[in-house]
file final-v9.txt (compact mmCIF, C-alpha atoms)
# COMPACT_ATOMS: atom_id res chain seq x y z
CA MET A 1 -3.24 -21.16 25.00
CA LYS A 2 -5.54 -18.22 25.69
CA LYS A 3 -8.45 -20.65 26.04
CA ILE A 4 -6.35 -22.83 28.32
CA CYS A 5 -5.42 -19.92 30.57
CA THR A 6 -9.00 -18.70 30.71
CA LEU A 7 -10.23 -22.14 31.64
CA PHE A 8 -7.48 -22.46 34.24
CA LEU A 9 -8.54 -19.21 35.86
CA THR A 10 -12.19 -20.25 35.81
CA VAL A 11 -11.42 -23.62 37.37
CA SER A 12 -9.12 -22.00 39.94
CA VAL A 13 -11.80 -19.57 41.03
CA SER A 14 -14.40 -22.33 41.33
CA VAL A 15 -12.00 -24.50 43.36
CA PHE A 16 -10.73 -21.83 45.72
CA THR A 17 -13.85 -19.73 46.28
CA GLN A 18 -15.24 -20.18 49.78
CA ALA A 19 -18.94 -19.81 49.10
CA GLY A 20 -20.00 -20.21 52.72
CA VAL A 21 -17.81 -17.51 54.26
CA LEU A 22 -19.89 -15.33 56.57
CA LEU A 23 -17.19 -13.13 58.10
CA ASN A 24 -13.47 -12.84 57.43
CA GLU A 25 -11.44 -10.32 59.43
CA ASN A 26 -7.67 -9.98 59.48
CA PHE A 27 -7.77 -6.24 60.23
CA GLU A 28 -6.06 -5.22 56.99
CA GLY A 29 -6.94 -1.68 56.00
CA VAL A 30 -8.13 -0.91 59.52
CA THR A 31 -6.65 2.20 61.13
CA PRO A 32 -4.40 1.46 64.14
CA GLY A 33 -6.03 2.56 67.37
CA ASP A 34 -9.54 2.06 68.68
CA LEU A 35 -11.36 -0.78 66.89
CA ASN A 36 -14.82 0.47 67.83
CA GLY A 37 -16.79 1.60 64.78
CA GLN A 38 -14.36 0.20 62.25
CA ASN A 39 -15.45 -2.53 59.81
CA GLY A 40 -18.76 -2.89 61.62
CA TRP A 41 -17.23 -3.72 65.03
CA THR A 42 -18.69 -2.69 68.36
CA ALA A 43 -15.74 -2.78 70.74
CA ASP A 44 -14.64 -1.66 74.18
CA ALA A 45 -12.05 1.10 74.48
CA ALA A 46 -9.55 -1.48 75.79
CA LEU A 47 -9.45 -3.14 72.37
CA ASP A 48 -7.03 -1.61 69.88
CA VAL A 49 -5.75 -2.38 66.41
CA VAL A 50 -1.95 -2.64 66.51
CA ALA A 51 0.76 -3.27 63.94
CA GLY A 52 1.90 -6.80 63.11
CA GLY A 53 -0.11 -9.93 62.38
CA LEU A 54 -0.34 -13.22 64.27
CA ASP A 55 1.13 -15.88 61.97
CA TYR A 56 0.50 -19.59 62.48
CA SER A 57 2.24 -22.52 60.83
CA LYS A 58 1.82 -26.17 61.66
CA GLY A 59 1.74 -29.10 59.25
CA ASP A 60 -0.52 -28.32 56.31
CA ILE A 61 -1.96 -25.15 57.83
CA VAL A 62 -0.13 -21.86 57.28
CA ILE A 63 -1.76 -18.53 58.19
CA ASP A 64 -0.25 -15.18 57.28
CA GLY A 65 -1.38 -12.68 59.88
CA GLY A 66 -0.81 -9.71 57.59
CA GLU A 67 -0.13 -6.19 58.78
CA ASN A 68 -2.35 -5.78 61.84
CA HIS A 69 -4.00 -7.60 64.71
CA VAL A 70 -6.07 -6.61 67.74
CA GLN A 71 -4.90 -6.45 71.34
CA SER A 72 -6.81 -6.09 74.60
CA SER A 73 -5.30 -4.94 77.87
CA GLY A 74 -6.44 -3.39 81.12
CA SER A 75 -9.86 -5.02 80.88
CA SER A 76 -12.01 -6.16 83.76
CA ALA A 77 -14.80 -8.67 83.15
CA GLN A 78 -16.63 -7.42 80.08
CA LEU A 79 -17.77 -7.99 76.58
CA LEU A 80 -14.85 -6.74 74.51
CA ALA A 81 -16.23 -6.89 70.98
CA HIS A 82 -18.99 -8.19 68.78
CA LYS A 83 -19.89 -8.13 65.11
CA GLY A 84 -22.85 -9.51 63.19
CA PHE A 85 -23.10 -11.71 60.11
CA ALA A 86 -25.91 -13.24 58.02
CA SER A 87 -28.33 -15.22 60.18
CA GLN A 88 -27.86 -19.01 60.06
CA SER A 89 -29.98 -22.04 60.84
CA GLY A 90 -27.36 -24.67 59.95
CA GLU A 91 -23.96 -25.49 61.38
CA VAL A 92 -21.54 -22.61 61.89
CA TRP A 93 -17.73 -22.87 61.94
CA PHE A 94 -15.39 -20.26 63.38
CA SER A 95 -11.63 -19.89 63.86
CA MET A 96 -9.05 -17.37 65.03
CA THR A 97 -5.43 -17.06 66.09
CA VAL A 98 -4.77 -16.00 69.68
CA LEU A 99 -1.76 -15.08 71.79
CA VAL A 100 -1.84 -14.57 75.56
CA ASP A 101 1.32 -12.65 76.30
CA THR A 102 1.29 -12.44 80.11
CA PRO A 103 1.46 -15.09 82.85
CA ILE A 104 -1.96 -16.60 83.52
CA ASP A 105 -3.45 -16.27 86.98
CA THR A 106 -6.51 -17.95 88.48
CA ASN A 107 -8.95 -15.31 87.26
CA ASP A 108 -7.82 -14.80 83.67
CA ILE A 109 -10.58 -15.77 81.27
CA PHE A 110 -11.32 -15.25 77.63
CA ARG A 111 -14.27 -16.61 75.71
CA PHE A 112 -15.19 -16.32 72.08
CA GLY A 113 -17.87 -17.78 69.91
CA VAL A 114 -21.01 -17.39 67.84
CA GLY A 115 -24.59 -17.07 68.98
CA GLU A 116 -27.94 -15.38 68.42
CA ASN A 117 -26.98 -12.17 70.25
CA SER A 118 -23.97 -10.32 71.63
CA ASP A 119 -24.26 -11.61 75.21
CA ALA A 120 -20.84 -13.21 75.68
CA THR A 121 -21.55 -14.26 79.26
CA GLY A 122 -24.62 -16.33 78.42
CA HIS A 123 -23.76 -17.14 74.85
CA LYS A 124 -24.93 -20.15 72.89
CA GLY A 125 -22.00 -21.65 71.04
CA LEU A 126 -19.34 -20.01 73.17
CA ILE A 127 -16.07 -21.79 73.85
CA GLY A 128 -13.16 -21.10 76.11
CA ASP A 129 -11.87 -20.33 79.54
CA LEU A 130 -8.16 -19.65 79.91
CA ASN A 131 -7.79 -20.04 83.64
CA ALA A 132 -4.92 -21.10 85.87
CA SER A 133 -7.35 -22.90 88.16
CA GLN A 134 -7.50 -25.35 85.23
CA SER A 135 -3.70 -25.70 85.41
CA GLY A 136 -3.19 -23.10 82.72
CA PHE A 137 -5.31 -24.94 80.20
CA TYR A 138 -7.84 -23.74 77.69
CA ALA A 139 -11.09 -25.08 79.10
CA GLY A 140 -14.82 -24.51 79.31
CA TYR A 141 -17.36 -24.94 76.52
CA GLN A 142 -20.66 -23.13 76.76
CA VAL A 143 -23.49 -24.01 74.39
CA ASN A 144 -26.59 -22.71 76.15
CA THR A 145 -27.34 -19.85 78.50
CA ASN A 146 -25.59 -20.25 81.85
CA VAL A 147 -24.30 -23.72 81.02
CA GLN A 148 -20.59 -24.34 81.13
CA THR A 149 -18.79 -27.65 81.10
CA SER A 150 -15.05 -28.14 81.18
CA GLY A 151 -12.40 -29.93 79.22
CA GLN A 152 -8.68 -29.33 78.96
CA GLU A 153 -6.43 -28.58 76.00
CA ALA A 154 -2.98 -27.10 76.51
CA ILE A 155 -2.48 -23.45 75.64
CA THR A 156 0.80 -21.65 76.35
CA SER A 157 1.47 -18.00 77.14
CA GLY A 158 3.64 -16.28 74.55
CA GLN A 159 2.71 -18.69 71.75
CA VAL A 160 0.32 -18.15 68.85
CA HIS A 161 -2.47 -20.73 68.88
CA PHE A 162 -5.03 -21.54 66.19
CA LEU A 163 -8.50 -22.35 67.53
CA VAL A 164 -11.30 -23.82 65.43
CA GLY A 165 -14.88 -24.22 66.64
CA ARG A 166 -18.02 -25.79 65.22
CA LEU A 167 -21.55 -25.16 66.52
CA TYR A 168 -24.18 -27.57 65.25
CA MET A 169 -27.40 -29.46 65.88
CA THR A 170 -27.91 -33.12 66.62
CA ALA A 171 -31.65 -33.02 67.36
CA SER A 172 -33.09 -29.95 65.58
CA VAL A 173 -31.58 -27.53 68.13
CA TYR A 174 -28.07 -26.19 68.61
CA ASP A 175 -26.75 -28.56 71.23
CA THR A 176 -23.09 -29.33 70.49
CA VAL A 177 -19.87 -27.38 70.09
CA ASP A 178 -16.55 -28.91 68.98
CA LEU A 179 -13.10 -27.41 69.52
CA TRP A 180 -9.77 -28.02 67.83
CA VAL A 181 -6.60 -26.48 69.32
CA ASP A 182 -3.58 -26.06 67.03
CA PRO A 183 -4.65 -28.46 64.25
CA ASP A 184 -2.01 -29.40 61.68
CA THR A 185 -4.12 -30.98 58.95
CA LEU A 186 -6.73 -29.51 56.61
CA THR A 187 -9.17 -32.24 57.60
CA LEU A 188 -8.71 -31.35 61.31
CA GLY A 189 -9.32 -34.91 62.49
CA VAL A 190 -11.27 -35.74 65.64
CA ALA A 191 -12.13 -32.70 67.77
CA ASP A 192 -10.01 -32.15 70.86
CA GLN A 193 -13.20 -31.47 72.80
CA SER A 194 -16.89 -31.94 72.03
CA LYS A 195 -19.43 -30.67 74.54
CA SER A 196 -23.19 -30.64 74.96
CA PRO A 197 -25.32 -28.94 77.65
CA PRO A 198 -27.75 -30.65 80.01
CA ALA A 199 -30.99 -31.44 78.18
CA TYR A 200 -33.18 -29.36 80.50
CA PHE A 201 -31.61 -26.02 79.58
CA PRO A 202 -33.20 -23.81 76.89
CA THR A 203 -31.94 -24.20 73.35
CA ILE A 204 -32.31 -22.43 70.03
CA SER A 205 -32.78 -23.74 66.51
CA SER A 206 -31.98 -20.72 64.31
CA GLY A 207 -30.73 -17.16 64.25
CA ILE A 208 -26.99 -17.62 64.79
CA ASP A 209 -25.76 -14.22 63.65
CA THR A 210 -23.18 -12.71 66.05
CA PHE A 211 -19.54 -13.22 66.94
CA SER A 212 -18.54 -12.10 70.46
CA LEU A 213 -15.34 -11.91 72.50
CA TYR A 214 -15.32 -11.69 76.29
CA VAL A 215 -12.44 -11.35 78.77
CA SER A 216 -12.08 -11.21 82.53
CA ASP A 217 -9.33 -9.96 84.83
CA GLU A 218 -7.04 -8.39 82.26
CA PRO A 219 -5.49 -11.29 80.34
CA ASN A 220 -3.43 -9.36 77.77
CA LEU A 221 -4.97 -11.13 74.82
CA GLN A 222 -4.01 -10.66 71.18
CA TRP A 223 -6.16 -12.08 68.38
CA ASP A 224 -6.29 -12.10 64.61
CA ASN A 225 -7.46 -13.97 61.50
CA LEU A 226 -11.09 -14.39 62.48
CA SER A 227 -13.07 -16.54 60.04
CA ILE A 228 -16.71 -17.62 60.26
CA GLY A 229 -18.42 -19.84 57.72
CA THR A 230 -20.82 -22.68 57.08
CA SER A 231 -18.20 -25.39 56.52
CA MET A 232 -14.76 -26.43 57.69
CA THR A 233 -13.14 -25.28 54.44
CA ASP A 234 -14.42 -21.75 55.05
CA VAL A 235 -12.33 -21.35 58.20
CA VAL A 236 -9.28 -23.59 57.70
CA ILE A 237 -6.76 -22.16 55.25
CA PRO A 238 -4.26 -24.42 53.41
CA GLU A 239 -0.61 -23.63 52.92
CA PRO A 240 -0.25 -21.24 49.93
CA SER A 241 1.94 -23.74 48.10
CA SER A 242 -1.03 -26.11 47.99
CA PHE A 243 -2.88 -23.66 45.78
CA LEU A 244 0.13 -23.33 43.50
CA LEU A 245 0.62 -27.08 43.13
CA LEU A 246 -3.03 -27.68 42.36
CA GLY A 247 -3.07 -24.82 39.87
CA LEU A 248 0.03 -26.10 38.09
CA GLY A 249 -1.50 -29.55 37.97
CA ILE A 250 -4.63 -28.23 36.28
CA LEU A 251 -2.60 -26.21 33.80
CA THR A 252 -0.39 -29.20 32.98
CA LEU A 253 -3.41 -31.40 32.42
CA LEU A 254 -4.91 -28.88 30.03
CA ALA A 255 -1.64 -28.42 28.17
CA VAL A 256 -1.06 -32.13 27.49
CA ASN A 257 -4.71 -32.78 26.66
CA PRO A 258 -5.69 -29.90 24.37
CA ARG A 259 -9.27 -29.75 23.24
CA ARG A 260 -9.65 -31.23 19.76
CA LYS A 261 -11.86 -29.65 17.17
call {"tool": "encode", "arguments": {"input": "final-v9.txt", "output": "structure tokens"}}
result
Amino acid sequence: MKKICTLFLTVSVSVFTQAGVLLNENFEGVTPGDLNGQNGWTADAALDVVAGGLDYSKGDIVIDGGENHVQSSGSSAQLLAHKGFASQSGEVWFSMTVLVDTPIDTNDIFRFGVGENSDATGHKGLIGDLNASQSGFYAGYQVNTNVQTSGQEAITSGQVHFLVGRLYMTASVYDTVDLWVDPDTLTLGVADQSKSPPAYFPTISSGIDTFSLYVSDEPNLQWDNLSIGTSMTDVVIPEPSSFLLLGLGILTLLAVNPRRK
């Protein structure tokens, strides 16, 4: 039985380890108050760590927000926060939970994404505008400097949403970003939006190494559970019971088929 348990643990670790995780931040162990300087973050004074996590549960995806999350308020147009990770030249996935807890007016904007620097206004790989001029929809997908195209996916004030993005190449340069809003399956399915910039704008082919968050006109934005990785499984977390069922299945298989000498 000792050998069985050891093998079970080994198999479990190999199955559940997310080898491509580049950044994982749920703000556990971070001191409430100013985020700037904590856990490698560069952040504006308007961004604070507060108690309580942003939980999300839909279908097969269940996210426990933990003890803390981050909240911005009183912010004019500005880069709120950025943090680096290991430089990438392949596809990059990113996800987070968000909650906009005030009515949305025509100027409220937030953008988040990954790129080769911390410039969240001209960011490659950036997604998002939350703007009432788009009928209160989450819209706008920016892949290259000063290029923004629009799509629409519903996002509701006062509700926690789970956003998943994918930045990738189709012709040796980063030229496409996909977005899923509130997915309910671990395979995500077809992206809600997929956007590419005009061909004549400058592109990059490597060096994706920074996450950035930008807001405009004080949209009281709360966010949590940031994950960045090199594959979908690095940023989409299954319901905890899925781990338990798979683990029990492995243990049962080992128990009824003991290794013979």
call {"tool": "residues_around", "arguments": {"input": "final-v9.txt", "residues": "Tyr56 (chain A)", "least_positions_apart": "2", "cutoff": "10 Å", "atoms": "only C-alpha atoms", "output": "number ranges by chain"}}
result
A: 53-54, 58, 61-65, 97-98, 159-162, 182, 225
call {"tool": "write_last_selection", "arguments": {"input": "final-v9.txt", "atoms": "C-alpha atoms", "output": "JSON list (two decimals), in the coordinates of the input"}}
result
[["chain", "number", "residue", "atom", "x", "y", "z"],
["A", 53, "GLY", "CA", -0.11, -9.93, 62.38],
["A", 54, "LEU", "CA", -0.34, -13.22, 64.27],
["A", 58, "LYS", "CA", 1.82, -26.17, 61.66],
["A", 61, "ILE", "CA", -1.96, -25.15, 57.83],
["A", 62, "VAL", "CA", -0.13, -21.86, 57.28],
["A", 63, "ILE", "CA", -1.76, -18.53, 58.19],
["A", 64, "ASP", "CA", -0.25, -15.18, 57.28],
["A", 65, "GLY", "CA", -1.38, -12.68, 59.88],
["A", 97, "THR", "CA", -5.43, -17.06, 66.09],
["A", 98, "VAL", "CA", -4.77, -16.00, 69.68],
["A", 159, "GLN", "CA", 2.71, -18.69, 71.75],
["A", 160, "VAL", "CA", 0.32, -18.15, 68.85],
["A", 161, "HIS", "CA", -2.47, -20.73, 68.88],
["A", 162, "PHE", "CA", -5.03, -21.54, 66.19],
["A", 182, "ASP", "CA", -3.58, -26.06, 67.03],
["A", 225, "ASN", "CA", -7.46, -13.97, 61.50]]
call {"tool": "atom_distance", "arguments": {"input": "final-v9.txt", "atom1": "CA of Asp178 (chain A)", "atom2": "CA of Gly40 (chain A)"}}
result
27.1 Å
call {"tool": "closest_residue", "arguments": {"input": "final-v9.txt", "among": "A:Ser72, A:Gln222, A:Ser89, A:Ser194", "to": "Ser172 (chain A)", "atoms": "all atoms listed in the file"}}
result
A:Ser89
call {"tool": "residues_around", "arguments": {"input": "final-v9.txt", "residues": "Leu80 (chain A)", "least_positions_apart": "6", "cutoff": "9 Å", "atoms": "all atoms listed in the file", "output": "PyMOL selection string"}}
result
chain A and resi 42-47+72+120+212-215
call {"tool": "residues_around", "arguments": {"input": "final-v9.txt", "residues": "Val235 (chain A)", "least_positions_apart": "4", "cutoff": "8 Å", "atoms": "all atoms listed in the file", "output": "list in words"}}
result
Val21, Trp93, Phe94, Ser95, Val164, Ser227, Ile228, Gly229 and Ser231 of chain A
call {"tool": "residues_around", "arguments": {"input": "final-v9.txt", "residues": "Asn39 (chain A)", "least_positions_apart": "5", "cutoff": "9 Å", "atoms": "all atoms listed in the file", "output": "compact mmCIF listing (two decimals) with C-alpha atoms, in the frame of the given file"}}
result
# COMPACT_ATOMS: atom_id res chain seq x y z
CA GLU A 25 -11.44 -10.32 59.43
CA PHE A 27 -7.77 -6.24 60.23
CA VAL A 30 -8.13 -0.91 59.52
CA LYS A 83 -19.89 -8.13 65.11
call {"tool": "closest_residue", "arguments": {"input": "final-v9.txt", "among": "A:Thr176, A:Ser87, A:Asn220, A:Asn117", "to": "Ser157 (chain A)", "atoms": "all atoms listed in the file"}}
result
A:Asn220
call {"tool": "residues_near_point", "arguments": {"input": "final-v9.txt", "point": "(-5.4, -3.8, 62.9)", "cutoff": "10 Å", "atoms": "all atoms listed in the file", "output": "list in words"}}
result
Glu25, Asn26, Phe27, Glu28, Gly29, Val30, Thr31, Pro32, Gly33, Asp34, Leu35, Gln38, Asp48, Val49, Val50, Ala51, Gly52, Gly53, Gly66, Glu67, Asn68, His69, Val70, Gln71, Trp223 and Asp224 of chain A
call {"tool": "atom_distance", "arguments": {"input": "final-v9.txt", "atom1": "CA of Val177 (chain A)", "atom2": "CA of Phe112 (chain A)"}}
result
12.2 Å
call {"tool": "closest_residue", "arguments": {"input": "final-v9.txt", "among": "A:Phe211, A:Ala86, A:Ser73, A:Ser118", "to": "Leu226 (chain A)", "atoms": "all atoms listed in the file"}}
result
A:Phe211
call {"tool": "atom_distance", "arguments": {"input": "final-v9.txt", "atom1": "CA of Thr210 (chain A)", "atom2": "CA of Phe85 (chain A)"}}
result
6.0 Å
call {"tool": "closest_residue", "arguments": {"input": "final-v9.txt", "among": "A:Gly207, A:Gly165, A:Gly90, A:Gly113", "to": "Leu188 (chain A)", "atoms": "all atoms listed in the file"}}
result
A:Gly165
call {"tool": "closest_residue", "arguments": {"input": "final-v9.txt", "among": "A:Asp209, A:Asp60, A:Asp55, A:Glu153", "to": "Val181 (chain A)", "atoms": "all atoms listed in the file"}}
result
A:Glu153
call {"tool": "closest_residue", "arguments": {"input": "final-v9.txt", "among": "A:Ala81, A:Leu186, A:Met96, A:Ala154", "to": "Thr233 (chain A)", "atoms": "all atoms listed in the file"}}
result
A:Leu186
call {"tool": "build_atoms", "arguments": {"input": "final-v9.txt", "residues": "region 43-55 of chain A", "atoms": "N, CA and C atoms", "output": "mmCIF file, in the frame of the given file"}}
result
data_model
loop_
_atom_site.group_PDB
_atom_site.id
_atom_site.type_symbol
_atom_site.label_atom_id
_atom_site.label_comp_id
_atom_site.auth_asym_id
_atom_site.auth_seq_id
_atom_site.Cartn_x
_atom_site.Cartn_y
_atom_site.Cartn_z
ATOM 1 N N ALA A 43 -16.861 -2.317 69.908
ATOM 2 C CA ALA A 43 -15.740 -2.780 70.740
ATOM 3 C C ALA A 43 -15.516 -1.847 71.917
ATOM 4 N N ASP A 44 -15.010 -2.414 73.000
ATOM 5 C CA ASP A 44 -14.640 -1.660 74.180
ATOM 6 C C ASP A 44 -13.381 -0.835 73.892
ATOM 7 N N ALA A 45 -13.204 0.237 74.671
ATOM 8 C CA ALA A 45 -12.050 1.100 74.480
ATOM 9 C C ALA A 45 -10.731 0.386 74.745
ATOM 10 N N ALA A 46 -10.771 -0.735 75.480
ATOM 11 C CA ALA A 46 -9.550 -1.480 75.790
ATOM 12 C C ALA A 46 -9.044 -2.303 74.615
ATOM 13 N N LEU A 47 -9.805 -2.329 73.536
ATOM 14 C CA LEU A 47 -9.450 -3.140 72.370
ATOM 15 C C LEU A 47 -8.926 -2.253 71.264
ATOM 16 N N ASP A 48 -7.673 -2.463 70.876
ATOM 17 C CA ASP A 48 -7.030 -1.610 69.880
ATOM 18 C C ASP A 48 -6.434 -2.421 68.740
ATOM 19 N N VAL A 49 -6.461 -1.831 67.564
ATOM 20 C CA VAL A 49 -5.750 -2.380 66.410
ATOM 21 C C VAL A 49 -4.297 -1.956 66.518
ATOM 22 N N VAL A 50 -3.379 -2.931 66.418
ATOM 23 C CA VAL A 50 -1.950 -2.640 66.510
ATOM 24 C C VAL A 50 -1.223 -3.270 65.328
ATOM 25 N N ALA A 51 -0.014 -2.795 65.082
ATOM 26 C CA ALA A 51 0.760 -3.270 63.940
ATOM 27 C C ALA A 51 1.269 -4.692 64.162
ATOM 28 N N GLY A 52 1.372 -5.440 63.066
ATOM 29 C CA GLY A 52 1.900 -6.800 63.110
ATOM 30 C C GLY A 52 0.792 -7.834 63.172
ATOM 31 N N GLY A 53 0.908 -8.891 62.385
ATOM 32 C CA GLY A 53 -0.110 -9.930 62.380
ATOM 33 C C GLY A 53 0.317 -11.137 63.204
ATOM 34 N N LEU A 54 -0.636 -11.999 63.543
ATOM 35 C CA LEU A 54 -0.340 -13.220 64.270
ATOM 36 C C LEU A 54 -0.284 -14.378 63.281
ATOM 37 N N ASP A 55 0.922 -14.779 62.913
ATOM 38 C CA ASP A 55 1.130 -15.880 61.970
ATOM 39 C C ASP A 55 1.020 -17.218 62.692
#
